[in-house]
Structure formats: C-alpha cells, structure tokens
$ cat work-v8.cif   # mmCIF, C-alpha atoms and all ligand atoms
data_start
#
loop_
_atom_site.label_atom_id
_atom_site.label_comp_id
_atom_site.auth_asym_id
_atom_site.auth_seq_id
_atom_site.Cartn_x
_atom_site.Cartn_y
_atom_site.Cartn_z
CA MET Q 1 157.09 1.61 51.07
CA SER Q 2 160.03 3.60 49.73
CA ILE Q 3 161.44 1.88 46.66
CA SER Q 4 163.88 3.64 44.35
CA SER Q 5 163.90 2.85 40.64
CA PHE Q 6 167.05 2.88 38.49
CA ARG Q 7 167.71 2.06 34.84
CA PHE Q 8 171.43 1.70 35.33
CA PRO Q 9 172.91 -0.74 34.41
CA THR Q 10 169.55 -2.54 34.19
CA ASP Q 11 166.06 -1.96 35.60
CA ILE Q 12 166.60 -1.97 39.39
CA ARG Q 13 163.94 -1.56 42.10
CA PHE Q 14 165.85 -0.91 45.28
CA GLY Q 15 164.64 -0.76 48.87
CA ALA Q 16 163.16 -2.63 51.83
CA GLY Q 17 160.07 -4.49 50.65
CA ALA Q 18 161.03 -4.49 46.93
CA LEU Q 19 160.33 -8.23 46.87
CA ALA Q 20 156.60 -7.48 47.04
CA LEU Q 21 156.81 -6.02 43.52
CA LEU Q 22 157.46 -9.48 42.06
CA PRO Q 23 153.88 -10.35 41.00
CA ARG Q 24 153.44 -6.98 39.30
CA ILE Q 25 156.75 -7.29 37.45
CA LEU Q 26 155.83 -10.78 36.19
CA ARG Q 27 152.38 -9.64 35.07
CA GLU Q 28 153.85 -6.66 33.21
CA ARG Q 29 156.01 -9.10 31.23
CA ASN Q 30 153.16 -11.54 30.69
CA VAL Q 31 154.93 -14.30 32.60
CA LYS Q 32 152.50 -16.94 33.87
CA ARG Q 33 154.60 -20.07 34.43
CA PRO Q 34 157.88 -18.90 35.98
CA LEU Q 35 160.63 -21.24 37.09
CA LEU Q 36 161.97 -20.13 40.48
CA VAL Q 37 165.69 -20.93 40.63
CA THR Q 38 167.40 -20.75 43.99
CA ASP Q 39 170.11 -22.69 45.79
CA ARG Q 40 169.52 -25.14 48.62
CA GLY Q 41 170.70 -22.68 51.28
CA VAL Q 42 167.96 -20.18 50.50
CA LEU Q 43 165.26 -22.79 51.21
CA ASN Q 44 166.11 -22.49 54.92
CA CYS Q 45 165.71 -18.70 55.02
CA ALA Q 46 162.71 -17.40 56.95
CA PHE Q 47 161.56 -15.27 54.00
CA PHE Q 48 161.50 -18.18 51.55
CA PRO Q 49 158.07 -19.81 52.16
CA ALA Q 50 156.31 -16.47 51.71
CA ILE Q 51 157.61 -16.18 48.12
CA GLY Q 52 155.98 -19.42 46.94
CA ALA Q 53 152.80 -18.50 48.82
CA MET Q 54 152.76 -15.05 47.19
CA LEU Q 55 153.18 -16.53 43.69
CA THR Q 56 150.42 -19.09 44.24
CA LYS Q 57 148.07 -16.51 45.76
CA GLU Q 58 148.64 -14.21 42.78
CA GLY Q 59 147.79 -17.00 40.35
CA PHE Q 60 151.20 -17.96 38.96
CA ALA Q 61 151.85 -21.61 38.10
CA HIS Q 62 155.46 -21.62 39.23
CA ALA Q 63 157.90 -24.51 39.53
CA LEU Q 64 160.90 -24.62 41.87
CA TYR Q 65 164.45 -25.69 41.07
CA ALA Q 66 166.60 -25.59 44.19
CA ASP Q 67 168.49 -28.85 44.19
CA PHE Q 68 171.99 -27.43 43.99
CA GLY Q 69 174.52 -25.40 45.96
CA GLY Q 70 178.23 -24.61 46.40
CA ASN Q 71 180.30 -23.65 43.40
CA PRO Q 72 178.15 -23.59 40.22
CA THR Q 73 178.85 -26.43 37.79
CA LYS Q 74 177.40 -27.34 34.40
CA LYS Q 75 175.28 -30.23 35.61
CA PHE Q 76 173.24 -27.76 37.72
CA VAL Q 77 172.56 -25.76 34.56
CA ASP Q 78 171.68 -28.81 32.43
CA ARG Q 79 169.23 -30.07 35.06
CA GLY Q 80 167.66 -26.61 35.33
CA VAL Q 81 167.15 -26.41 31.56
CA GLU Q 82 165.34 -29.79 31.64
CA ILE Q 83 163.04 -28.54 34.39
CA PHE Q 84 162.46 -25.26 32.53
CA HIS Q 85 161.25 -27.22 29.49
CA SER Q 86 159.29 -29.90 31.37
CA HIS Q 87 157.42 -27.15 33.25
CA ASP Q 88 156.91 -25.30 29.98
CA ALA Q 89 158.20 -22.22 31.79
CA ASP Q 90 157.91 -18.75 30.28
CA GLY Q 91 160.27 -16.87 32.56
CA LEU Q 92 162.87 -17.16 35.34
CA ILE Q 93 162.88 -15.83 38.89
CA ILE Q 94 166.47 -16.13 40.07
CA LEU Q 95 166.79 -15.81 43.83
CA GLY Q 96 169.99 -16.14 45.82
CA GLY Q 97 173.69 -15.41 45.97
CA GLY Q 98 176.34 -15.80 43.30
CA CYS Q 99 175.74 -19.53 42.72
CA ALA Q 100 171.98 -19.29 42.08
CA LEU Q 101 172.42 -16.17 39.94
CA ASP Q 102 175.13 -17.69 37.75
CA VAL Q 103 173.21 -20.96 37.35
CA GLY Q 104 169.90 -19.17 36.70
CA LYS Q 105 171.34 -16.88 34.03
CA ALA Q 106 172.99 -19.84 32.29
CA ILE Q 107 169.64 -21.72 32.38
CA GLY Q 108 168.09 -18.71 30.66
CA LEU Q 109 170.77 -18.91 27.98
CA MET Q 110 170.52 -22.66 27.36
CA ALA Q 111 166.72 -22.72 27.47
CA THR Q 112 166.79 -20.81 24.18
CA HIS Q 113 170.17 -21.68 22.64
CA GLU Q 114 171.48 -24.79 20.89
CA GLY Q 115 174.54 -26.85 21.72
CA ASP Q 116 176.62 -27.06 24.86
CA LEU Q 117 176.91 -24.30 27.48
CA PHE Q 118 180.68 -24.14 27.08
CA ASP Q 119 180.31 -23.50 23.33
CA TYR Q 120 179.39 -19.97 24.44
CA GLU Q 121 182.59 -19.32 26.39
CA ASP Q 122 183.53 -15.66 26.24
CA ASP Q 123 186.50 -14.88 23.98
CA LYS Q 124 186.81 -18.50 22.78
CA PRO Q 125 187.74 -18.57 19.09
CA GLY Q 126 184.70 -19.83 17.18
CA ALA Q 127 182.38 -19.48 20.18
CA ARG Q 128 178.67 -19.55 19.42
CA VAL Q 129 176.90 -16.20 19.49
CA ILE Q 130 174.50 -15.29 22.30
CA GLU Q 131 171.30 -14.02 20.67
CA PRO Q 132 169.03 -11.54 22.46
CA HIS Q 133 165.99 -13.83 22.75
CA LEU Q 134 166.44 -15.14 26.32
CA PRO Q 135 163.41 -15.78 28.55
CA PHE Q 136 162.43 -12.94 30.88
CA MET Q 137 164.69 -13.04 33.94
CA VAL Q 138 164.13 -11.22 37.22
CA ALA Q 139 167.00 -11.44 39.71
CA ILE Q 140 166.55 -11.15 43.47
CA PRO Q 141 169.89 -11.11 45.32
CA THR Q 142 170.10 -12.52 48.85
CA THR Q 143 173.76 -11.68 49.43
CA ALA Q 144 175.68 -8.44 48.98
CA GLY Q 145 178.91 -9.36 47.23
CA THR Q 146 179.04 -10.70 43.70
CA GLY Q 147 176.59 -8.23 42.21
CA SER Q 148 175.91 -10.91 39.59
CA GLU Q 149 172.29 -9.69 39.46
CA VAL Q 150 173.40 -6.65 37.45
CA GLY Q 151 176.00 -8.42 35.30
CA GLY Q 152 175.92 -10.36 32.05
CA SER Q 153 178.35 -13.08 33.01
CA SER Q 154 178.03 -16.55 34.47
CA VAL Q 155 181.03 -18.38 35.83
CA ILE Q 156 180.33 -22.11 35.58
CA SER Q 157 182.81 -24.93 36.26
CA ASP Q 158 183.22 -28.17 34.38
CA ASP Q 159 182.07 -30.99 36.67
CA THR Q 160 185.09 -33.17 35.93
CA THR Q 161 188.04 -30.86 35.31
CA HIS Q 162 186.83 -28.07 37.67
CA ARG Q 163 187.95 -25.57 35.07
CA LYS Q 164 185.94 -22.34 35.28
CA PHE Q 165 184.27 -21.08 32.10
CA ILE Q 166 183.11 -17.48 31.78
CA ILE Q 167 179.98 -17.08 29.68
CA TRP Q 168 179.13 -13.48 28.92
CA GLY Q 169 176.50 -11.67 26.91
CA THR Q 170 174.51 -8.46 27.26
CA ALA Q 171 171.33 -10.54 26.86
CA MET Q 172 172.28 -12.40 30.04
CA VAL Q 173 171.84 -9.30 32.23
CA PRO Q 174 168.56 -9.90 34.10
CA LYS Q 175 165.88 -7.57 32.76
CA VAL Q 176 164.71 -6.55 36.24
CA VAL Q 177 166.46 -6.67 39.62
CA LEU Q 178 164.50 -6.57 42.86
CA ALA Q 179 167.14 -5.47 45.34
CA ASP Q 180 165.60 -5.86 48.77
CA PRO Q 181 168.12 -5.38 51.60
CA GLU Q 182 165.81 -7.14 54.10
CA LEU Q 183 166.58 -10.40 52.29
CA THR Q 184 170.18 -10.12 53.52
CA PHE Q 185 169.24 -9.86 57.24
CA GLU Q 186 169.67 -13.59 57.77
CA LEU Q 187 173.20 -13.82 56.36
CA PRO Q 188 175.59 -15.05 59.06
CA ALA Q 189 178.28 -12.57 60.15
CA ALA Q 190 181.09 -14.49 58.42
CA ILE Q 191 179.27 -14.66 55.06
CA THR Q 192 178.36 -10.99 55.38
CA ALA Q 193 182.06 -10.22 55.87
CA TYR Q 194 183.32 -12.42 53.02
CA THR Q 195 180.75 -11.35 50.45
CA GLY Q 196 181.15 -7.72 51.53
CA MET Q 197 184.91 -7.94 51.06
CA ASP Q 198 184.27 -9.31 47.56
CA ALA Q 199 182.17 -6.22 46.81
CA LEU Q 200 184.92 -3.96 48.18
CA THR Q 201 187.55 -5.79 46.12
CA HIS Q 202 185.46 -5.40 42.93
CA ASN Q 203 185.22 -1.66 43.52
CA ILE Q 204 188.90 -1.19 44.37
CA GLU Q 205 190.21 -3.38 41.54
CA ALA Q 206 187.85 -1.80 39.01
CA TYR Q 207 189.05 1.65 40.05
CA LEU Q 208 192.70 0.64 39.69
CA ALA Q 209 192.30 -1.40 36.48
CA LYS Q 210 194.30 0.07 33.61
CA ASN Q 211 191.54 0.45 30.99
CA TYR Q 212 190.09 3.88 30.19
CA HIS Q 213 186.61 4.00 31.72
CA PRO Q 214 185.87 7.07 33.88
CA LEU Q 215 182.18 6.10 34.21
CA CYS Q 216 183.16 2.93 35.99
CA GLU Q 217 185.79 4.73 38.06
CA GLY Q 218 183.21 7.15 39.43
CA VAL Q 219 180.92 4.30 40.40
CA ALA Q 220 183.80 2.35 41.94
CA VAL Q 221 184.97 5.17 44.23
CA GLU Q 222 181.52 5.55 45.79
CA GLY Q 223 181.24 1.75 46.03
CA VAL Q 224 184.47 1.72 48.05
CA ARG Q 225 183.17 4.45 50.34
CA LEU Q 226 179.91 2.60 50.99
CA ALA Q 227 181.72 -0.64 51.83
CA PHE Q 228 184.01 1.09 54.32
CA GLU Q 229 181.10 2.86 55.96
CA PHE Q 230 178.68 -0.05 56.16
CA LEU Q 231 180.48 -3.40 56.14
CA PRO Q 232 181.53 -3.38 59.82
CA ARG Q 233 177.99 -2.37 60.83
CA ALA Q 234 176.38 -5.08 58.70
CA VAL Q 235 178.71 -7.68 60.22
CA GLU Q 236 178.08 -6.43 63.76
CA MET Q 237 174.32 -5.80 63.49
CA PRO Q 238 172.65 -8.11 60.96
CA ARG Q 239 169.30 -6.29 61.00
CA ASP Q 240 170.73 -2.78 60.53
CA LEU Q 241 168.71 -1.81 57.46
CA GLU Q 242 170.85 1.20 56.54
CA ALA Q 243 174.03 -0.92 56.66
CA ARG Q 244 172.45 -3.73 54.62
CA LYS Q 245 171.24 -1.18 52.07
CA GLY Q 246 174.70 0.33 51.83
CA MET Q 247 176.29 -3.06 51.23
CA LEU Q 248 173.71 -4.22 48.69
CA MET Q 249 174.31 -1.02 46.76
CA SER Q 250 178.11 -1.30 47.06
CA SER Q 251 177.84 -4.84 45.69
CA MET Q 252 175.83 -3.77 42.64
CA MET Q 253 178.19 -0.83 42.11
CA GLY Q 254 181.20 -3.16 42.23
CA ALA Q 255 179.72 -5.42 39.57
CA THR Q 256 178.78 -2.41 37.45
CA ALA Q 257 182.29 -0.99 37.78
CA PHE Q 258 184.19 -4.16 37.00
CA GLN Q 259 183.13 -4.00 33.39
CA LYS Q 260 186.32 -1.94 33.38
CA GLY Q 261 188.35 -4.91 34.60
CA LEU Q 262 189.63 -6.48 37.79
CA GLY Q 263 193.18 -7.26 38.85
CA VAL Q 264 195.73 -9.35 40.60
CA THR Q 265 193.67 -9.92 43.78
CA HIS Q 266 191.00 -11.76 41.82
CA SER Q 267 193.61 -13.92 40.09
CA CYS Q 268 195.04 -14.92 43.48
CA ALA Q 269 191.52 -15.53 44.83
CA HIS Q 270 190.55 -17.73 41.89
CA ALA Q 271 193.68 -19.80 42.48
CA LEU Q 272 192.86 -20.23 46.20
CA SER Q 273 189.31 -21.32 45.31
CA THR Q 274 190.58 -23.81 42.73
CA CYS Q 275 193.39 -25.26 44.88
CA PHE Q 276 191.87 -25.05 48.38
CA ASP Q 277 188.15 -24.66 47.67
CA TRP Q 278 188.12 -21.30 49.47
CA HIS Q 279 185.07 -19.06 49.47
CA HIS Q 280 185.64 -16.46 46.75
CA GLY Q 281 185.09 -13.40 48.94
CA PHE Q 282 187.19 -14.83 51.75
CA ALA Q 283 190.04 -15.49 49.33
CA ASN Q 284 189.89 -11.93 48.02
CA ALA Q 285 189.85 -10.54 51.55
CA VAL Q 286 192.94 -12.50 52.64
CA MET Q 287 194.86 -11.45 49.50
CA LEU Q 288 193.71 -7.83 49.14
CA PRO Q 289 196.28 -6.04 51.38
CA ALA Q 290 199.31 -7.76 49.80
CA CYS Q 291 197.95 -7.28 46.27
CA LEU Q 292 197.38 -3.57 46.90
CA GLN Q 293 200.91 -3.32 48.27
CA PHE Q 294 202.10 -4.88 44.99
CA ASN Q 295 200.27 -2.17 43.03
CA ARG Q 296 201.28 0.68 45.35
CA ASP Q 297 204.02 2.22 43.19
CA VAL Q 298 201.81 2.58 40.10
CA SER Q 299 198.57 3.44 41.96
CA LEU Q 300 199.80 6.10 44.41
CA THR Q 301 197.48 8.85 43.16
CA LYS Q 302 194.43 6.60 43.16
CA PHE Q 303 195.20 5.25 46.64
CA ALA Q 304 195.60 8.84 47.85
CA HIS Q 305 192.25 9.79 46.32
CA LEU Q 306 190.54 6.84 48.03
CA ALA Q 307 192.16 7.83 51.33
CA ARG Q 308 190.74 11.36 51.00
CA VAL Q 309 187.30 9.98 50.13
CA LEU Q 310 187.52 7.92 53.32
CA GLY Q 311 188.32 11.01 55.35
CA ALA Q 312 192.11 10.94 55.62
CA THR Q 313 193.94 14.24 55.48
CA GLY Q 314 197.49 15.09 54.51
CA ASN Q 315 199.48 16.74 51.78
CA SER Q 316 201.80 14.04 50.67
CA THR Q 317 200.48 11.54 48.12
CA GLU Q 318 202.74 8.87 49.58
CA ALA Q 319 201.43 9.35 53.11
CA LEU Q 320 197.83 9.35 51.90
CA ALA Q 321 198.42 6.19 49.87
CA ASP Q 322 199.79 4.50 52.97
CA ALA Q 323 196.80 5.75 54.96
CA PHE Q 324 194.53 3.98 52.47
CA LEU Q 325 196.50 0.71 52.75
CA GLN Q 326 196.26 1.01 56.54
CA LYS Q 327 192.49 1.49 56.32
CA VAL Q 328 192.15 -1.69 54.25
CA GLU Q 329 194.19 -3.64 56.83
CA THR Q 330 192.10 -2.24 59.67
CA LEU Q 331 188.84 -3.14 57.92
CA CYS Q 332 190.06 -6.71 57.31
CA ARG Q 333 190.87 -7.15 61.02
CA GLU Q 334 187.59 -5.52 62.07
CA VAL Q 335 185.48 -8.00 60.09
CA GLY Q 336 187.54 -11.03 61.11
CA ILE Q 337 189.69 -11.79 58.06
CA PRO Q 338 192.81 -13.85 58.85
CA LYS Q 339 196.15 -12.25 58.09
CA THR Q 340 197.91 -15.24 56.54
CA LEU Q 341 197.29 -18.28 54.38
CA LYS Q 342 198.51 -20.42 57.26
CA GLU Q 343 195.96 -18.97 59.67
CA ALA Q 344 193.30 -19.70 57.06
CA GLY Q 345 194.47 -23.29 56.49
CA ALA Q 346 196.34 -22.99 53.19
CA HIS Q 347 199.97 -22.83 52.10
CA LEU Q 348 201.99 -21.73 49.12
CA THR Q 349 202.16 -24.37 46.39
CA GLU Q 350 203.45 -24.37 42.84
CA SER Q 351 199.98 -24.90 41.41
CA LEU Q 352 198.65 -21.90 43.36
CA VAL Q 353 201.13 -19.67 41.52
CA GLU Q 354 200.45 -21.47 38.24
CA VAL Q 355 196.64 -21.08 38.41
CA ALA Q 356 196.88 -17.43 39.48
CA PHE Q 357 199.27 -16.63 36.66
CA HIS Q 358 197.01 -18.25 34.04
CA ASP Q 359 193.90 -16.49 35.34
CA SER Q 360 192.69 -13.77 33.01
CA CYS Q 361 191.77 -11.14 35.64
CA HIS Q 362 195.26 -9.73 36.06
CA ALA Q 363 195.40 -8.75 32.38
CA ASN Q 364 193.80 -5.47 33.50
CA ASN Q 365 195.92 -5.01 36.61
CA PRO Q 366 197.56 -1.56 36.65
CA LYS Q 367 200.96 -3.19 36.33
CA PRO Q 368 202.05 -6.50 34.82
CA CYS Q 369 202.22 -9.39 37.25
CA HIS Q 370 204.70 -12.12 36.32
CA LYS Q 371 204.95 -15.59 37.77
CA GLU Q 372 207.71 -14.48 40.17
CA ASP Q 373 205.46 -11.64 41.34
CA PHE Q 374 202.65 -14.07 42.19
CA GLN Q 375 205.22 -16.21 43.99
CA ARG Q 376 206.33 -13.17 46.02
CA ILE Q 377 202.76 -12.01 46.78
CA PHE Q 378 201.71 -15.43 48.05
CA ALA Q 379 204.97 -15.81 50.00
CA GLN Q 380 204.29 -12.48 51.67
CA VAL Q 381 200.94 -13.67 53.06
CA GLU Q 382 201.92 -17.30 53.68
CA GLY Q 383 202.76 -16.72 57.35
ZN ZN N 1 184.78 -11.26 43.01
#

$ encode --input "work-v8.cif" --output "structure tokens"
Amino acid sequence: MSISSFRFPTDIRFGAGALALLPRILRERNVKRPLLVTDRGVLNCAFFPAIGAMLTKEGFAHALYADFGGNPTKKFVDRGVEIFHSHDADGLIILGGGCALDVGKAIGLMATHEGDLFDYEDDKPGARVIEPHLPFMVAIPTTAGTGSEVGGSSVISDDTTHRKFIIWGTAMVPKVVLADPELTFELPAAITAYTGMDALTHNIEAYLAKNYHPLCEGVAVEGVRLAFEFLPRAVEMPRDLEARKGMLMSSMMGATAFQKGLGVTHSCAHALSTCFDWHHGFANAVMLPACLQFNRDVSLTKFAHLARVLGATGNSTEALADAFLQKVETLCREVGIPKTLKEAGAHLTESLVEVAFHDSCHANNPKPCHKEDFQRIFAQVEG
C-alpha cells in the first residue's frame, strides 16, 4: 500500500487504501467509543458496511449517526450532539461529503462548548470563543469538492430562516484526514462534475482574491492544473484511480488555498442555492465563466499565468488571458455544465441579486462588485 503522509494543513494520509489506517489512528489517540457521523447517502455506498465491520472487529464500541442529508442545518447538529453524549463518545469519525463534514465538525464543537451553535458565528460581534478542547476528529472525505476535511469552518443553516451561518475555528480542523481516492469511485458522473467544479472554483477564486498570501497562491495554481488535467477523466471513467487521486488532491488544495479568500462566483452560487436550492458546485460551475469575464480587466496577468500553466503559448497577456477563459468554457461543456440559468431551470430575480450582493465572499474579489454588477453578471448568463 502506498500512502503519502502530509502535515499540511493538517495531518493527511493520502492514497488508495488509506481508509484501512482508521483503527490504528483511533488507537493512537486512545479513542474507544467513536461516533461515526455520515449522511444518509453514504449508507448506500458499497464500501460502507466494511467500515462498521472493521471497527467492530478491531474492538471499537462505535455508534452511528446517519439520519440526515441535503444542506446541513442546525437540527442535524443538535441531534448529533445528543447522540454523542448518550453514547458517551470519546471521538468522531466524520465520513462523507460537505454536508457530513460540516455537521460532524459542528457536533465536535457543540459536544464540548456551551450555548447555541450560532453563538459561535465567525465575525459576529460578541461571539463566543472556540476553545481548543474539541473531541478527536478524523475526517474521511467521499467526494472531491468542498475540501471541508482540511478546513476549520462549518456552514450550517438555520432550519426556519434558511440563513447560512459560518462557524470557524482552528480547533475545528479535523486532527487527521484519511484521504482515500477509492472512496470516490462510486460518485455518479454528475456529482463528480459538480463537486470537481467547486474544487476548481475554490482554486481559481483563491488565486485571484485580493489579499496578500503567496503561500495560498502557489497551492491554488497547482490545484487549478490538477482539476483541468483530471476532472474530465474522473467524470468519464469513475474508477480511474489516477484521476480520482488528482481530484481529491485538487479539492484539498482548493480548501487550503481559500484561506486567502474567495470571490464573486461563490457569492452568485450561494444566492442560487438559497433562491433555487441549487447544488453548490453546480451553481459555481454555471456562474464561473461570466464571473471570470467580470474580473478579466483586473486579473489579466493571473489569467495569462494560468493559461501558461495549462499549456497555452503566446506573447500577449491579453491573448493568453482569453485562452484561459476559453479553457474554462471548454471544460464546463466537456463535463456537462449548462450554459445558462434558463437551461438549468432558474431565472434572474431581484432576490438573487440581493442575496449575492449581501454574501460575504465577494469582499475578497479582485475588484469591487456592486449590485448593478451582480445584475449584469446574472443577466449575462440568464439565457
Ligand atoms: Zn465552494
């Protein structure tokens, strides 16, 4: 078994078969009664039954919490905390895509912290402080997109108002990540495409974001390259290990890089998810070309650099920048992303513009995006 080990940004064991390291990791941390948190969808995966069997065989008294799915809301977290306590759990195994990871990390927070989850909202004046004493958390991603397994944030919605709250703390970064690309073999082509486009968007937006953070920029550029090389293959051939590896890595690189910030694409995507319940990655994918076009004038040099990294040649920065935009368009078509809101079943509404404008992601966009700009961007892709 060839497993690579990284300590950046957390302890990552990466490679086919990494899942088998789970019992050893738990023993090293003296975890005996883990709570396995996963979403409903994962229960149907072929690999799932073997995980419970492995834990039982290795002598762990684990409990399972899997009665949730879709967009993560607070009631999923509250229920998970109850189960954590009633099982007298001493650690968390968080298995799944963005939903399970966000819910699992928030359970870890609330299992050891007083008050209400939303009291810990990032940047809220008077927010409660997240202390370092969270239970041991090991994250095992089953999608390649959000990269939430290497991040310290949880995005959880209020069950009634649907408002999204971002909870963030360095203590919420899982202590160990078992990144096993074989666990993504069963992802359907469409989900592979949407989650993969989310990873690509994280890398591109992080690279363009206006903050000073060359470490993140270096990571982001390679994350972009990996997504371009491997996303079409992963969509086309679900059991192509090299492609799945490339995408799982691109996803973790995207989440590592977006500590630097995101941009206008994510604000548009959040609005489409709020107003039309769109899949996050799908929403990013539909909006990405128009949002990049919006940033073109201030991001020419960076676009040109990405074009070169992707193999384009030419002397003029302008031509290279356009070559990059063309490559993004081509990739979108290749993996089956619709060109317009109409094609994807949505239309331009006032609240779409309103939600996008009030979203915090575009604060780091390389150029300011006013309400009229959002209006124009959405109009451009309305179709
Ligand atoms: Zn995203």

$ closest_residue --input "work-v8.cif" --among "Q:Cys99, Q:Leu325, Q:Leu262, Q:Ala356" --to "ligand ZN 1 (chain N)" --atoms "only C-alpha atoms and all ligand atoms"
Q:Leu262

$ closest_residue --input "work-v8.cif" --among "Q:Val138, Q:Ile204, Q:Ala63, Q:Leu231" --to "Leu26 in chain Q" --atoms "all atoms listed in the file"
Q:Val138

$ atom_distance --input "work-v8.cif" --atom1 "CA of Ser251 in chain Q" --atom2 "CA of Ala144 in chain Q"
5.3 Å

$ residues_around --input "work-v8.cif" --residues "range 57-60 of chain Q" --least-positions-apart "2" --cutoff "10 Å" --atoms "all atoms listed in the file" --output "MDAnalysis selection string"
chainID Q and resid 23:24 26:27 31:34 51:55 62:63

$ closest_residue --input "work-v8.cif" --among "Q:Ala189, Q:Ala199, Q:Met172, Q:Ile130" --to "Ala255 in chain Q" --atoms "all atoms listed in the file"
Q:Ala199

$ residues_around --input "work-v8.cif" --residues "Phe258 in chain Q" --least-positions-apart "3" --cutoff "8 Å" --atoms "all atoms listed in the file" --output "NGL selection string"
:Q and (202-203 or 205-206 or 216 or 254-255 or 261-262)

$ residues_around --input "work-v8.cif" --residues "Glu229 in chain Q" --least-positions-apart "5" --cutoff "12 Å" --atoms "all atoms listed in the file" --output "VMD selection string"
chain Q and resid 196 200 222 to 224 234 to 235 242 to 247 250 309 to 311 327 331

$ closest_residue --input "work-v8.cif" --among "Q:Leu183, Q:Ala319, Q:Leu64, Q:Ala46" --to "Leu241 in chain Q" --atoms "only C-alpha atoms"
Q:Leu183

$ residues_near_ligand --input "work-v8.cif" --ligand "ligand ZN 1 (chain N)" --cutoff "8 Å" --atoms "all atoms listed in the file" --output "PyMOL selection string"
chain Q and resi 145-146+198-199+201-202+266+280-281+284

$ closest_residue --input "work-v8.cif" --among "Q:Val221, Q:Leu208, Q:Met110, Q:Leu226" --to "Pro135 in chain Q" --atoms "only C-alpha atoms"
Q:Met110

$ closest_residue --input "work-v8.cif" --among "Q:Asp123, Q:Ser267, Q:Phe374, Q:Leu187" --to "Val42 in chain Q" --atoms "only C-alpha atoms"
Q:Leu187

$ residues_around --input "work-v8.cif" --residues "His362 in chain Q" --least-positions-apart "4" --cutoff "12 Å" --atoms "only C-alpha atoms" --output "PyMOL selection string"
chain Q and resi 205-206+208-211+261-270+291+295+355-358+366-371+373-374

$ atom_distance --input "work-v8.cif" --atom1 "CA of Gly314 in chain Q" --atom2 "CA of Cys332 in chain Q"
23.2 Å
